[in-house]
Every structure is written in structure tokens, then in C-alpha cells.
file query12.cif (mmCIF, N, CA and C atoms)
data_start
loop_
_atom_site.label_atom_id
_atom_site.label_comp_id
_atom_site.auth_asym_id
_atom_site.auth_seq_id
_atom_site.Cartn_x
_atom_site.Cartn_y
_atom_site.Cartn_z
N MET A 1 -4.51 3.38 17.66
CA MET A 1 -4.48 4.62 16.90
C MET A 1 -3.83 4.40 15.53
N LEU A 2 -2.72 3.65 15.53
CA LEU A 2 -2.05 3.36 14.27
C LEU A 2 -2.94 2.57 13.33
N GLN A 3 -3.64 1.57 13.86
CA GLN A 3 -4.53 0.77 13.02
C GLN A 3 -5.68 1.59 12.48
N THR A 4 -6.22 2.48 13.28
CA THR A 4 -7.33 3.32 12.83
C THR A 4 -6.89 4.21 11.67
N ILE A 5 -5.73 4.83 11.81
CA ILE A 5 -5.21 5.67 10.73
C ILE A 5 -4.88 4.81 9.51
N GLY A 6 -4.33 3.63 9.74
CA GLY A 6 -4.03 2.71 8.64
C GLY A 6 -5.28 2.29 7.89
N TYR A 7 -6.36 1.97 8.62
CA TYR A 7 -7.61 1.58 7.97
C TYR A 7 -8.22 2.75 7.19
N ALA A 8 -8.17 3.93 7.78
CA ALA A 8 -8.71 5.11 7.08
C ALA A 8 -7.93 5.38 5.80
N THR A 9 -6.62 5.21 5.86
CA THR A 9 -5.80 5.41 4.67
C THR A 9 -6.06 4.33 3.64
N THR A 10 -6.30 3.09 4.09
CA THR A 10 -6.61 2.01 3.16
C THR A 10 -7.92 2.29 2.43
N VAL A 11 -8.92 2.77 3.15
CA VAL A 11 -10.19 3.11 2.52
C VAL A 11 -9.99 4.25 1.52
N THR A 12 -9.21 5.26 1.91
CA THR A 12 -8.94 6.38 1.01
C THR A 12 -8.20 5.92 -0.25
N GLY A 13 -7.20 5.06 -0.07
CA GLY A 13 -6.46 4.53 -1.22
C GLY A 13 -7.34 3.68 -2.12
N SER A 14 -8.24 2.90 -1.53
CA SER A 14 -9.15 2.07 -2.33
C SER A 14 -10.13 2.92 -3.13
N ILE A 15 -10.64 3.98 -2.49
CA ILE A 15 -11.56 4.88 -3.19
C ILE A 15 -10.83 5.61 -4.32
N ALA A 16 -9.61 6.07 -4.05
CA ALA A 16 -8.82 6.74 -5.09
C ALA A 16 -8.53 5.79 -6.24
N PHE A 17 -8.23 4.54 -5.92
CA PHE A 17 -7.97 3.55 -6.97
C PHE A 17 -9.21 3.35 -7.83
N ASN A 18 -10.39 3.21 -7.18
CA ASN A 18 -11.64 3.01 -7.92
C ASN A 18 -12.02 4.22 -8.75
N GLN A 19 -11.79 5.42 -8.23
CA GLN A 19 -12.20 6.63 -8.93
C GLN A 19 -11.30 6.98 -10.11
N TRP A 20 -9.99 6.94 -9.87
CA TRP A 20 -9.08 7.50 -10.87
C TRP A 20 -8.11 6.53 -11.50
N PHE A 21 -7.82 5.41 -10.86
CA PHE A 21 -6.74 4.57 -11.35
C PHE A 21 -7.18 3.18 -11.80
N LYS A 22 -8.46 2.89 -11.81
CA LYS A 22 -8.93 1.55 -12.14
C LYS A 22 -8.52 1.12 -13.55
N GLU A 23 -8.55 2.04 -14.47
CA GLU A 23 -8.23 1.73 -15.87
C GLU A 23 -6.76 1.98 -16.21
N SER A 24 -5.96 2.37 -15.23
CA SER A 24 -4.54 2.66 -15.49
C SER A 24 -3.76 1.37 -15.71
N GLU A 25 -2.65 1.51 -16.39
CA GLU A 25 -1.79 0.36 -16.63
C GLU A 25 -1.08 -0.04 -15.33
N PHE A 26 -0.69 -1.30 -15.29
CA PHE A 26 -0.01 -1.85 -14.13
C PHE A 26 1.31 -1.11 -13.87
N LYS A 27 2.02 -0.76 -14.95
CA LYS A 27 3.29 -0.04 -14.80
C LYS A 27 3.08 1.33 -14.18
N MET A 28 2.02 2.01 -14.57
CA MET A 28 1.73 3.33 -14.02
C MET A 28 1.45 3.25 -12.53
N MET A 29 0.75 2.22 -12.11
CA MET A 29 0.45 2.05 -10.69
C MET A 29 1.74 1.81 -9.90
N ASN A 30 2.68 1.07 -10.49
CA ASN A 30 3.96 0.86 -9.81
C ASN A 30 4.75 2.15 -9.72
N VAL A 31 4.65 3.00 -10.72
CA VAL A 31 5.32 4.31 -10.67
C VAL A 31 4.72 5.15 -9.54
N ILE A 32 3.40 5.16 -9.43
CA ILE A 32 2.74 5.90 -8.35
C ILE A 32 3.15 5.35 -7.00
N ALA A 33 3.21 4.01 -6.90
CA ALA A 33 3.63 3.38 -5.64
C ALA A 33 5.06 3.79 -5.28
N CYS A 34 5.93 3.86 -6.28
CA CYS A 34 7.31 4.28 -6.03
C CYS A 34 7.37 5.74 -5.57
N LEU A 35 6.54 6.59 -6.17
CA LEU A 35 6.51 7.99 -5.74
C LEU A 35 6.01 8.13 -4.31
N VAL A 36 4.96 7.38 -3.96
CA VAL A 36 4.45 7.41 -2.58
C VAL A 36 5.52 6.92 -1.62
N ASN A 37 6.21 5.85 -2.00
CA ASN A 37 7.27 5.30 -1.15
C ASN A 37 8.43 6.29 -1.02
N SER A 38 8.74 7.02 -2.08
CA SER A 38 9.80 8.04 -2.02
C SER A 38 9.43 9.16 -1.08
N ILE A 39 8.17 9.58 -1.11
CA ILE A 39 7.71 10.62 -0.19
C ILE A 39 7.82 10.12 1.24
N GLY A 40 7.44 8.86 1.47
CA GLY A 40 7.58 8.27 2.81
C GLY A 40 9.02 8.22 3.26
N ALA A 41 9.93 7.88 2.34
CA ALA A 41 11.35 7.85 2.69
C ALA A 41 11.87 9.24 3.01
N LEU A 42 11.38 10.25 2.28
CA LEU A 42 11.78 11.63 2.55
C LEU A 42 11.32 12.06 3.95
N PHE A 43 10.08 11.71 4.30
CA PHE A 43 9.58 12.04 5.64
C PHE A 43 10.37 11.30 6.71
N THR A 44 10.76 10.07 6.45
CA THR A 44 11.58 9.32 7.42
C THR A 44 12.94 9.99 7.60
N MET A 45 13.53 10.45 6.50
CA MET A 45 14.81 11.14 6.59
C MET A 45 14.66 12.45 7.38
N LEU A 46 13.59 13.19 7.12
CA LEU A 46 13.34 14.41 7.88
C LEU A 46 13.18 14.11 9.36
N PHE A 47 12.51 13.01 9.68
CA PHE A 47 12.33 12.63 11.08
C PHE A 47 13.66 12.30 11.73
N CYS A 48 14.52 11.59 11.00
CA CYS A 48 15.84 11.25 11.54
C CYS A 48 16.71 12.49 11.75
N LEU A 49 16.52 13.50 10.93
CA LEU A 49 17.27 14.75 11.06
C LEU A 49 16.62 15.72 12.04
N GLN A 50 15.56 15.28 12.71
CA GLN A 50 14.82 16.09 13.68
C GLN A 50 14.18 17.33 13.05
N ILE A 51 13.78 17.21 11.79
CA ILE A 51 13.06 18.28 11.11
C ILE A 51 11.61 17.82 10.99
N THR A 52 10.81 18.18 11.98
CA THR A 52 9.42 17.71 12.00
C THR A 52 8.42 18.82 11.69
N LEU A 53 8.88 19.93 11.18
CA LEU A 53 8.02 21.03 10.73
C LEU A 53 7.11 21.56 11.84
N GLY A 54 7.60 21.52 13.07
CA GLY A 54 6.84 22.04 14.19
C GLY A 54 5.81 21.08 14.75
N ILE A 55 5.71 19.90 14.17
CA ILE A 55 4.76 18.88 14.64
C ILE A 55 5.47 18.02 15.68
N PRO A 56 4.80 17.64 16.77
CA PRO A 56 5.45 16.75 17.74
C PRO A 56 5.94 15.46 17.09
N ASN A 57 7.05 14.92 17.58
CA ASN A 57 7.67 13.76 16.96
C ASN A 57 6.71 12.59 16.76
N PHE A 58 5.94 12.27 17.81
CA PHE A 58 5.03 11.13 17.72
C PHE A 58 4.00 11.34 16.62
N MET A 59 3.40 12.52 16.56
CA MET A 59 2.38 12.79 15.54
C MET A 59 2.99 12.81 14.13
N PHE A 60 4.19 13.36 14.00
CA PHE A 60 4.85 13.39 12.70
C PHE A 60 5.08 11.97 12.19
N CYS A 61 5.60 11.12 13.05
CA CYS A 61 5.86 9.73 12.66
C CYS A 61 4.56 9.00 12.37
N LEU A 62 3.56 9.24 13.21
CA LEU A 62 2.27 8.59 13.05
C LEU A 62 1.62 8.96 11.72
N LEU A 63 1.61 10.23 11.40
CA LEU A 63 0.93 10.69 10.20
C LEU A 63 1.70 10.37 8.92
N THR A 64 3.00 10.48 8.95
CA THR A 64 3.76 10.29 7.71
C THR A 64 3.99 8.82 7.40
N SER A 65 4.56 8.08 8.32
CA SER A 65 4.92 6.69 8.04
C SER A 65 3.70 5.81 7.83
N THR A 66 2.71 5.97 8.67
CA THR A 66 1.51 5.13 8.56
C THR A 66 0.77 5.40 7.26
N VAL A 67 0.59 6.66 6.93
CA VAL A 67 -0.17 7.02 5.73
C VAL A 67 0.58 6.60 4.47
N THR A 68 1.85 6.91 4.37
CA THR A 68 2.57 6.59 3.13
C THR A 68 2.74 5.08 2.96
N GLN A 69 2.98 4.34 4.03
CA GLN A 69 3.15 2.90 3.90
C GLN A 69 1.84 2.23 3.50
N THR A 70 0.73 2.69 4.06
CA THR A 70 -0.56 2.10 3.71
C THR A 70 -0.95 2.44 2.27
N LEU A 71 -0.73 3.68 1.85
CA LEU A 71 -1.01 4.05 0.46
C LEU A 71 -0.12 3.27 -0.50
N TYR A 72 1.13 3.07 -0.13
CA TYR A 72 2.03 2.27 -0.96
C TYR A 72 1.47 0.86 -1.13
N ASN A 73 1.02 0.27 -0.04
CA ASN A 73 0.45 -1.08 -0.13
C ASN A 73 -0.80 -1.11 -1.00
N CYS A 74 -1.62 -0.06 -0.93
CA CYS A 74 -2.82 0.01 -1.78
C CYS A 74 -2.44 0.03 -3.25
N PHE A 75 -1.46 0.85 -3.59
CA PHE A 75 -1.10 0.99 -4.99
C PHE A 75 -0.26 -0.17 -5.52
N VAL A 76 0.21 -1.04 -4.65
CA VAL A 76 0.92 -2.24 -5.09
C VAL A 76 -0.04 -3.42 -5.15
N ASN A 77 -0.86 -3.60 -4.12
CA ASN A 77 -1.70 -4.79 -4.02
C ASN A 77 -2.96 -4.72 -4.88
N LEU A 78 -3.63 -3.59 -4.92
CA LEU A 78 -4.89 -3.50 -5.67
C LEU A 78 -4.71 -3.76 -7.17
N PRO A 79 -3.71 -3.18 -7.84
CA PRO A 79 -3.55 -3.51 -9.26
C PRO A 79 -3.22 -4.98 -9.49
N LEU A 80 -2.47 -5.58 -8.57
CA LEU A 80 -2.15 -7.00 -8.70
C LEU A 80 -3.42 -7.84 -8.61
N MET A 81 -4.30 -7.50 -7.68
CA MET A 81 -5.55 -8.24 -7.54
C MET A 81 -6.45 -8.06 -8.76
N VAL A 82 -6.51 -6.85 -9.30
CA VAL A 82 -7.31 -6.61 -10.50
C VAL A 82 -6.74 -7.39 -11.67
N LEU A 83 -5.43 -7.41 -11.80
CA LEU A 83 -4.79 -8.15 -12.88
C LEU A 83 -5.08 -9.64 -12.77
N VAL A 84 -4.99 -10.18 -11.58
CA VAL A 84 -5.29 -11.61 -11.38
C VAL A 84 -6.76 -11.88 -11.69
N ALA A 85 -7.65 -10.98 -11.28
CA ALA A 85 -9.08 -11.17 -11.54
C ALA A 85 -9.39 -11.18 -13.03
N LYS A 86 -8.64 -10.40 -13.81
CA LYS A 86 -8.87 -10.37 -15.26
C LYS A 86 -8.28 -11.60 -15.95
N LEU A 87 -7.23 -12.18 -15.40
CA LEU A 87 -6.53 -13.27 -16.07
C LEU A 87 -7.13 -14.65 -15.80
N ILE A 88 -7.65 -14.89 -14.62
CA ILE A 88 -8.08 -16.24 -14.28
C ILE A 88 -9.52 -16.50 -14.71
N PRO A 89 -9.84 -17.77 -15.02
CA PRO A 89 -11.20 -18.12 -15.42
C PRO A 89 -12.19 -17.88 -14.28
N GLU A 90 -13.44 -17.65 -14.66
CA GLU A 90 -14.47 -17.27 -13.70
C GLU A 90 -14.80 -18.38 -12.70
N LYS A 91 -14.75 -19.64 -13.11
CA LYS A 91 -15.18 -20.74 -12.25
C LYS A 91 -14.18 -21.04 -11.12
N ILE A 92 -12.92 -20.67 -11.30
CA ILE A 92 -11.93 -20.96 -10.25
C ILE A 92 -11.38 -19.69 -9.61
N GLU A 93 -12.09 -18.58 -9.81
CA GLU A 93 -11.61 -17.29 -9.32
C GLU A 93 -11.46 -17.28 -7.80
N SER A 94 -12.44 -17.77 -7.08
CA SER A 94 -12.38 -17.72 -5.62
C SER A 94 -11.25 -18.58 -5.07
N SER A 95 -11.01 -19.73 -5.68
CA SER A 95 -9.93 -20.61 -5.21
C SER A 95 -8.57 -19.96 -5.44
N LEU A 96 -8.39 -19.36 -6.61
CA LEU A 96 -7.11 -18.72 -6.89
C LEU A 96 -6.91 -17.45 -6.07
N PHE A 97 -7.99 -16.71 -5.79
CA PHE A 97 -7.85 -15.55 -4.92
C PHE A 97 -7.47 -15.97 -3.51
N ALA A 98 -8.07 -17.06 -3.03
CA ALA A 98 -7.71 -17.56 -1.70
C ALA A 98 -6.24 -17.97 -1.68
N LEU A 99 -5.78 -18.63 -2.73
CA LEU A 99 -4.37 -19.02 -2.82
C LEU A 99 -3.47 -17.78 -2.88
N LEU A 100 -3.84 -16.81 -3.69
CA LEU A 100 -3.04 -15.59 -3.82
C LEU A 100 -2.92 -14.85 -2.49
N MET A 101 -4.03 -14.68 -1.80
CA MET A 101 -4.00 -13.95 -0.53
C MET A 101 -3.28 -14.75 0.55
N GLY A 102 -3.45 -16.07 0.54
CA GLY A 102 -2.73 -16.90 1.51
C GLY A 102 -1.23 -16.82 1.30
N LEU A 103 -0.80 -16.89 0.05
CA LEU A 103 0.64 -16.79 -0.24
C LEU A 103 1.17 -15.39 0.07
N SER A 104 0.37 -14.38 -0.21
CA SER A 104 0.78 -13.01 0.09
C SER A 104 0.95 -12.81 1.60
N ASN A 105 -0.01 -13.27 2.38
CA ASN A 105 0.09 -13.14 3.83
C ASN A 105 1.24 -13.95 4.39
N PHE A 106 1.44 -15.15 3.84
CA PHE A 106 2.55 -15.99 4.29
C PHE A 106 3.89 -15.32 3.97
N ALA A 107 4.00 -14.74 2.77
CA ALA A 107 5.25 -14.09 2.39
C ALA A 107 5.52 -12.88 3.28
N THR A 108 4.48 -12.12 3.62
CA THR A 108 4.65 -10.97 4.51
C THR A 108 5.11 -11.42 5.88
N MET A 109 4.45 -12.44 6.43
CA MET A 109 4.82 -12.93 7.74
C MET A 109 6.25 -13.54 7.73
N PHE A 110 6.55 -14.28 6.68
CA PHE A 110 7.84 -14.93 6.56
C PHE A 110 8.97 -13.91 6.44
N SER A 111 8.73 -12.85 5.64
CA SER A 111 9.78 -11.83 5.46
C SER A 111 9.98 -11.03 6.73
N MET A 112 8.91 -10.79 7.48
CA MET A 112 9.07 -10.06 8.75
C MET A 112 9.81 -10.92 9.77
N THR A 113 9.56 -12.21 9.75
CA THR A 113 10.23 -13.11 10.68
C THR A 113 11.73 -13.18 10.40
N LEU A 114 12.10 -13.17 9.14
CA LEU A 114 13.51 -13.25 8.76
C LEU A 114 14.22 -11.90 8.81
N GLY A 115 13.48 -10.83 9.04
CA GLY A 115 14.10 -9.51 9.13
C GLY A 115 14.35 -8.89 7.77
N ASN A 116 13.44 -9.10 6.86
CA ASN A 116 13.57 -8.52 5.51
C ASN A 116 13.58 -7.05 5.68
#
call {"tool": "encode", "arguments": {"input": "query12.cif", "output": "C-alpha cells"}}
result
Amino acid sequence: MLQTIGYATTVTGSIAFNQWFKESEFKMMNVIACLVNSIGALFTMLFCLQITLGIPNFMFCLLTSTVTQTLYNCFVNLPLMVLVAKLIPEKIESSLFALLMGLSNFATMFSMTLGN
């Protein structure tokens, strides 16, 4: 269930990025990502204070944390990928994208293992 909601949110974030934010500056995308993350932190604080707005605890956590974290990742990762695509030469684009995604996945796994 969490993965399904996460994938749906990823698709929504990707569509929103393509429709409205494709031409935005990298700094603006980071500001939006910070705002989304702040909203997620606010919902987490409300959950800890047992203020779930009448929604069952499981559904509140499922809808707020999953959606905000996935949207945050969309607004952080997509602009970075677009920036890399614009900067690197066309003939080595696939190799550098493979390196970028491999390092990104390794860093995510490594930070989770160390308890970041």
C-alpha cells in the first residue's frame, strides 16, 4: 500500500514538474522542496501530538508522510537530473547518467545503513 501511494505521488510530482516547473531555476525547486518538507514535518509533529484531524492514525501517517516525502524527492532529484542532462555532452550522457544514479542509490543505501 505504501509503495502504491509512493508511486502515484511520484507520477504526480513528475507531471507537476513537467507542466509547471521544468523551466524554473534550480534554487526555486529547492525552495519548493523545503516547503514540501516543512509541511511533512508539520504533519509529523501533529501525529506525535495525537492531532490527526479525525483521521485514523494509520491513514494519517500513510497519507501525510508518504506523500510529502515522495514529493520532496521529486523536487530534489528531478531538477538535479535536468541540470546534469543540460551540462554533459550528448555522446557520454548515458554513461554519466548511469554513474549519477548508481552513486545516488549507493549514497541512499549507505546513509540508511549508517543511520543518517
call {"tool": "closest_residue", "arguments": {"input": "query12.cif", "among": "A:Val82, A:Ser94, A:Leu99, A:Phe75", "to": "A:Met28", "atoms": "all atoms listed in the file"}}
result
A:Phe75
call {"tool": "atom_distance", "arguments": {"input": "query12.cif", "atom1": "atom CA of A:Val84", "atom2": "atom C of A:Ile39"}}
result
28.3 Å
call {"tool": "residues_near_point", "arguments": {"input": "query12.cif", "point": "(-6.3, 1.1, -9.4)", "cutoff": "8 Å", "atoms": "only C-alpha atoms", "output": "list in words"}}
result
Ser14, Ala16, Phe17, Asn18, Trp20, Phe21, Lys22, Glu23, Ser24, Met29, Phe75, Leu78, Pro79 and Val82 of chain A
call {"tool": "atom_distance", "arguments": {"input": "query12.cif", "atom1": "atom CA of A:Asn73", "atom2": "atom N of A:Tyr7"}}
result
11.5 Å
call {"tool": "closest_residue", "arguments": {"input": "query12.cif", "among": "A:Lys91, A:Phe58, A:Lys86, A:Ser65", "to": "A:Leu42", "atoms": "only C-alpha atoms"}}
result
A:Ser65
call {"tool": "atom_distance", "arguments": {"input": "query12.cif", "atom1": "atom CA of A:Thr9", "atom2": "atom C of A:Leu62"}}
result
10.8 Å
call {"tool": "closest_residue", "arguments": {"input": "query12.cif", "among": "A:Ala85, A:Ala33, A:Thr10, A:Gly54", "to": "A:Phe97", "atoms": "only N, CA and C atoms"}}
result
A:Ala85
call {"tool": "closest_residue", "arguments": {"input": "query12.cif", "among": "A:Pro56, A:Phe47, A:Thr68, A:Gly6", "to": "A:Leu35", "atoms": "only C-alpha atoms"}}
result
A:Thr68
call {"tool": "axis_aligned_box", "arguments": {"input": "query12.cif", "around": "stretch 72-89 of chain A", "padding_each_side": "6 Å", "output": "JSON"}}
result
{"center_x": -5.1, "center_y": -7.5, "center_z": -8.1, "size_x": 26.2, "size_y": 33.2, "size_z": 28.0}
call {"tool": "closest_residue", "arguments": {"input": "query12.cif", "among": "A:Asn77, A:Ala41, A:Gln19, A:Phe60", "to": "A:Asn105", "atoms": "only C-alpha atoms"}}
result
A:Asn77
